[in-house]
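Quick notes on the structure that follows.
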Amino acid sequence: MTTERVRGNTTKILVLNPNSSKAMTDGMKTVIDSINLPYSTEIYTYTAPSNAPPSINDGKDLEQSTKAVVEDIQNSYPNGLDYDGVVIACYSVHPLVSTMQRSRAYPKSVTGIFEASILAALSLLGPDDIWGIVTTGKFWEKHLAEGVKAFLGATDSNSRFAGVESTGLNASDFHHGVDPEVVRKKLNEATKRLLSKPGVKCIAMGCAGMAGLEEIIRSAAREEKGGEFAYSELHVIDGIRAGIMQIEHIIRHQREIPGKPS
């Protein structure tokens, strides 16, 4: 008896943390493990080398992390990255996204958790709903608001975007160095400020370091608007989850391209 393999395709996704914090990468694994993915989908993680910033808090850190990662990949993977897709796990307009998308040295399918969360939010909104972002430091309020506008190709403010509220924390604070109760308090306050704007039905957690902290958002929503809203109406988007789900979608579409006929 003979058999013939008629279908089957493994998908390999790299979740790339562009800062040098292994603790932050480890925090993402909780979310990765909770995603309902096909058994054929393999998820790998990468943490930037030690010359990358331990926490990305401003424009200088974005540039430094990009340089460190590009150099490390060139040195460590001279034949290119052997993955079907890459998710840049920094909630920002990270230069690595466009750098990889423009180069044939990287997989064809590349997205960032920021970009993926925008698409996820817009797909979840009802006709009268709006969405917003809760993030870390003050720098990100303008950076992310302008990033949303640029990603959507908007020339003025988007009426469905409620804006960005910051906690005053750094990304690294969510995993070490700051009392968890302080983290909870500041995230709670930023969430309530965002929910005070009429129509907010979707909140994107604007930092990879917030991975796994959805319950704090929902707890604040319960205090502000009741349990029915917090647990049956409000969408809370984790960027890591959104990024992985989006990159799977992109990979499938890339595989539909027939290629040049022979």
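Ordered as shown in the structure tokens, chains take letters A, B, and onward, while each chain numbers its residues from 1 and ligands are numbered from 1 in the order shown.
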Closest atom pairs, segment 110-133 of chain A residues within 9 Å of segment 189-197 of chain A, only C-alpha atoms, as JSON lines:
```
{"residue": "A:Trp131", "atom": "CA", "partner": "A:Leu194", "partner_atom": "CA", "distance": 9.0}
{"residue": "A:Gly132", "atom": "CA", "partner": "A:Leu194", "partner_atom": "CA", "distance": 6.9}
{"residue": "A:Ile133", "atom": "CA", "partner": "A:Leu194", "partner_atom": "CA", "distance": 7.9}
```
Can you write out the residues you just picked, keeping C-alpha atoms, as a PDB file, in the first residue's frame?
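Writing the result to result_3.pdb gives the following:
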```
ATOM      1  CA  TRP A 131     -12.000  53.176  20.375  1.00  0.00           C
ATOM      2  CA  GLY A 132      -8.883  54.396  22.151  1.00  0.00           C
ATOM      3  CA  ILE A 133      -5.492  53.443  23.518  1.00  0.00           C
TER       4      ILE A 133
END
```
Residue contacts of Arg241 of chain A (8 Å, only C-alpha atoms) excluding same-chain residues fewer than 4 positions away, as a list in words: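 Residues meeting the cut-off are Val31, Ile32, Ile35, Ile237 and Met245 of chain A.
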Show me, as a tab-separated table, the residues of segment 109-205 of chain A having an atom within 8 Å of segment 52-73 of chain A, each with the closest atom pair and its distance in Å, using only C-alpha atoms.
```
residue	atom	partner	partner_atom	distance
A:Gly137	CA	A:Asn57	CA	7.1
A:Phe139	CA	A:Asp58	CA	6.3
A:Trp140	CA	A:Asp58	CA	7.6
A:Asn170	CA	A:Asn57	CA	6.5
A:Ala171	CA	A:Ser55	CA	5.8
A:Ser172	CA	A:Ser55	CA	5.6
```
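Closest approach to Tyr106 of chain A among A:Pro127, A:Val236, A:His94, A:Tyr83 is made by A:Tyr83 (distances from only C-alpha atoms).
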